[in-house]
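Input: a single structure, listed below in structure tokens.
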Amino acid sequence: MKPKPPACVLLLCLAVAATARAEVTDSADHGFTLRIERRITASPTETWTRLVDEVGAWWHPDHTFSGNAGNLSLDARAQGCFCEQLEPEGEGRHLTVVFAQPGKRLRLTGGLGPLQGYGLAGSLNFELEPDGEGTRLTLSYAVGGYVAGGLAGWAPAVDEVLTAQMDRFTRYVATGSSGE
């Protein structure tokens, strides 16, 4: 018989589910827009620090070039890099920072993952707003451009990946572990 998770884990999952919103807000052949909202159990300042300085602790390793999220870094200043060191040599740029306002807003441009290999432009935005003793964190990602066959079919998969990343981040801030 499989052991049951402790009650505190079940309560955390219910709390995350109760505050979790993820949606494809628009989708067409030429692009799509996603919006994901979470309530984070930390101040905007702490949320920012964990989002930026600790990205390798919560980002899923399956969504890296190297398979090791510890190789990630995020330089949160204009023209900064959301980058990854490759082993034994090399590097990759996931996105470029175009706007950074600590504790409030982070905007990056580029195509994540397989979107990089196409004629696409993307804008990934993190908005942090005080919410009681915590933070309302809203991620939006707008992608547009050309892919043979159109982009509408890509929206659900990208939404699934980014929703999982936000779930990992929410758990990481609440518990110190992203869930692996």
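All residue names refer to the structure tokens as shown: chains lettered A, B, ... in order, residues numbered from 1 in each chain, ligands numbered from 1 in order.
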
Worksheet item: Mind checking DSSP for chain A and telling me the strand (DSSP E or B) residues as number ranges by chain?
Response: A: 21-28, 31-40, 72-74, 81-85, 91-101, 105-109, 119-131, 134-146

Discussion item. Applying 10 Å and only C-alpha atoms, which residues near range 36-44 of chain A remain after dropping the ones on its own chain fewer than 6 positions away? List them as JSON, numbers by chain.
Written reply: {"A": [15, 16, 17, 18, 19, 20, 21, 22, 23, 24, 25, 50, 102, 103, 104, 105, 126, 127, 128, 129, 130, 131, 132, 133, 134, 135, 136, 137, 138, 139, 140, 141, 159, 162, 163, 166, 167, 169, 170, 171, 172, 173, 174, 175]}

Restricting the output to N, CA and C atoms, write the selected residues as a short mmCIF file (atom, residue, chain, number, x, y, z; two decimals), in the first residue's frame.
data_model
loop_
_atom_site.label_atom_id
_atom_site.label_comp_id
_atom_site.auth_asym_id
_atom_site.auth_seq_id
_atom_site.Cartn_x
_atom_site.Cartn_y
_atom_site.Cartn_z
N ALA A 15 -3.79 24.83 -1.28
CA ALA A 15 -3.59 26.28 -1.31
C ALA A 15 -3.08 26.73 -2.66
N VAL A 16 -2.14 25.98 -3.24
CA VAL A 16 -1.61 26.32 -4.56
C VAL A 16 -2.72 26.20 -5.60
N ALA A 17 -3.48 25.12 -5.54
CA ALA A 17 -4.55 24.93 -6.52
C ALA A 17 -5.62 26.01 -6.40
N ALA A 18 -5.90 26.43 -5.18
CA ALA A 18 -6.94 27.44 -4.98
C ALA A 18 -6.53 28.80 -5.52
N THR A 19 -5.23 29.09 -5.56
CA THR A 19 -4.78 30.40 -6.02
C THR A 19 -4.18 30.34 -7.42
N ALA A 20 -4.14 29.18 -8.02
CA ALA A 20 -3.48 29.01 -9.31
C ALA A 20 -4.42 29.35 -10.46
N ARG A 21 -3.93 30.18 -11.36
CA ARG A 21 -4.65 30.46 -12.59
C ARG A 21 -3.66 30.38 -13.72
N ALA A 22 -4.01 29.66 -14.74
CA ALA A 22 -3.18 29.58 -15.93
C ALA A 22 -4.12 29.55 -17.11
N GLU A 23 -3.77 30.31 -18.13
CA GLU A 23 -4.65 30.30 -19.29
C GLU A 23 -3.92 30.77 -20.54
N VAL A 24 -4.34 30.21 -21.65
CA VAL A 24 -3.95 30.73 -22.95
C VAL A 24 -4.97 31.82 -23.23
N THR A 25 -4.54 33.09 -23.20
CA THR A 25 -5.50 34.18 -23.35
C THR A 25 -5.81 34.49 -24.80
N ARG A 50 14.43 35.36 -4.97
CA ARG A 50 14.35 33.93 -5.28
C ARG A 50 14.12 33.68 -6.77
N PRO A 102 13.56 45.83 -9.70
CA PRO A 102 13.55 44.87 -8.59
C PRO A 102 12.33 44.98 -7.69
N GLY A 103 11.76 43.81 -7.41
CA GLY A 103 10.58 43.73 -6.56
C GLY A 103 9.28 44.07 -7.25
N LYS A 104 9.35 44.46 -8.53
CA LYS A 104 8.13 44.89 -9.24
C LYS A 104 7.93 44.23 -10.59
N ARG A 105 8.95 44.28 -11.46
CA ARG A 105 8.73 43.85 -12.84
C ARG A 105 10.04 43.37 -13.48
N PHE A 126 7.27 39.13 -15.86
CA PHE A 126 6.94 38.79 -14.48
C PHE A 126 6.53 40.09 -13.80
N GLU A 127 5.31 40.13 -13.26
CA GLU A 127 4.81 41.29 -12.52
C GLU A 127 4.64 40.86 -11.07
N LEU A 128 5.20 41.61 -10.14
CA LEU A 128 5.12 41.32 -8.72
C LEU A 128 4.34 42.44 -8.04
N GLU A 129 3.27 42.08 -7.33
CA GLU A 129 2.46 43.07 -6.63
C GLU A 129 2.25 42.61 -5.20
N PRO A 130 2.38 43.54 -4.23
CA PRO A 130 2.08 43.17 -2.85
C PRO A 130 0.67 42.62 -2.74
N ASP A 131 0.51 41.56 -1.94
CA ASP A 131 -0.79 40.92 -1.74
C ASP A 131 -0.85 40.47 -0.29
N GLY A 132 -1.34 41.33 0.58
CA GLY A 132 -1.31 41.04 2.01
C GLY A 132 0.14 40.94 2.45
N GLU A 133 0.48 39.83 3.10
CA GLU A 133 1.87 39.62 3.52
C GLU A 133 2.68 38.89 2.45
N GLY A 134 2.08 38.61 1.32
CA GLY A 134 2.75 37.90 0.24
C GLY A 134 2.82 38.73 -1.03
N THR A 135 2.88 38.02 -2.15
CA THR A 135 3.04 38.65 -3.46
C THR A 135 2.13 37.97 -4.46
N ARG A 136 1.49 38.76 -5.29
CA ARG A 136 0.80 38.21 -6.45
C ARG A 136 1.80 38.28 -7.60
N LEU A 137 2.18 37.12 -8.12
CA LEU A 137 3.14 37.02 -9.21
C LEU A 137 2.38 36.62 -10.46
N THR A 138 2.48 37.46 -11.48
CA THR A 138 1.81 37.18 -12.75
C THR A 138 2.86 37.05 -13.84
N LEU A 139 2.84 35.92 -14.51
CA LEU A 139 3.71 35.67 -15.66
C LEU A 139 2.85 35.80 -16.90
N SER A 140 3.34 36.53 -17.89
CA SER A 140 2.69 36.52 -19.20
C SER A 140 3.77 36.30 -20.25
N TYR A 141 3.41 35.60 -21.30
CA TYR A 141 4.36 35.30 -22.37
C TYR A 141 3.61 35.44 -23.69
N ASP A 159 2.17 26.62 -22.49
CA ASP A 159 1.42 26.92 -21.28
C ASP A 159 1.68 25.84 -20.22
N LEU A 162 5.31 26.35 -18.80
CA LEU A 162 5.44 27.52 -17.94
C LEU A 162 4.59 27.41 -16.68
N THR A 163 3.43 26.76 -16.76
CA THR A 163 2.63 26.52 -15.57
C THR A 163 3.39 25.63 -14.60
N MET A 166 6.04 27.72 -12.88
CA MET A 166 5.46 28.58 -11.83
C MET A 166 5.05 27.75 -10.61
N ASP A 167 4.54 26.55 -10.83
CA ASP A 167 4.21 25.67 -9.70
C ASP A 167 5.48 25.34 -8.91
N PHE A 169 8.22 27.12 -8.76
CA PHE A 169 8.68 28.33 -8.07
C PHE A 169 7.84 28.56 -6.80
N THR A 170 6.53 28.42 -6.90
CA THR A 170 5.65 28.62 -5.76
C THR A 170 6.01 27.66 -4.63
N ARG A 171 6.22 26.38 -4.96
CA ARG A 171 6.62 25.39 -3.95
C ARG A 171 7.98 25.73 -3.36
N TYR A 172 8.91 26.16 -4.21
CA TYR A 172 10.25 26.48 -3.75
C TYR A 172 10.22 27.59 -2.71
N VAL A 173 9.47 28.64 -2.99
CA VAL A 173 9.40 29.75 -2.03
C VAL A 173 8.71 29.30 -0.74
N ALA A 174 7.66 28.50 -0.84
CA ALA A 174 6.90 28.07 0.33
C ALA A 174 7.64 27.05 1.19
N THR A 175 8.41 26.15 0.55
CA THR A 175 8.99 25.02 1.28
C THR A 175 10.50 24.91 1.22
#

Discussion item. Could you list, as a PyMOL selection string, every residue within 12 Å of Ser27 in chain A, counting only C-alpha atoms and ignoring same-chain residues fewer than 4 positions away?
Written reply: chain A and resi 23+31-35+141-144+150-156+158-159

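In this comparison, which uses only C-alpha atoms, the residue of A:Phe65, A:Leu74, A:Gln101, A:His60 approaching Leu86 in chain A most closely is A:Phe65.
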
Discussion item. Taking only chain A into account, list the residues labelled alpha helix (DSSP H) by DSSP (computed from the backbone), as an MDAnalysis selection string.
Written reply: chainID A and resid 7:19 44:53 55:58 155:175

Discussion item. Between CA of Thr96 in chain A and CA of Gly110 in chain A, what is the distance in Å, rounded to a tenth?
Written reply: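 Taking CA of Thr96 in chain A and CA of Gly110 in chain A, their separation equals 6.6 Å.
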
Fill in: Point-to-point distance from CA of Gly179 in chain A to CA of Arg107 in chain A, Å rounded to tenths
25.8 Å

Response to the item:
What separates CA of Ser73 in chain A and CA of Glu160 in chain A is a distance of 22.6 Å
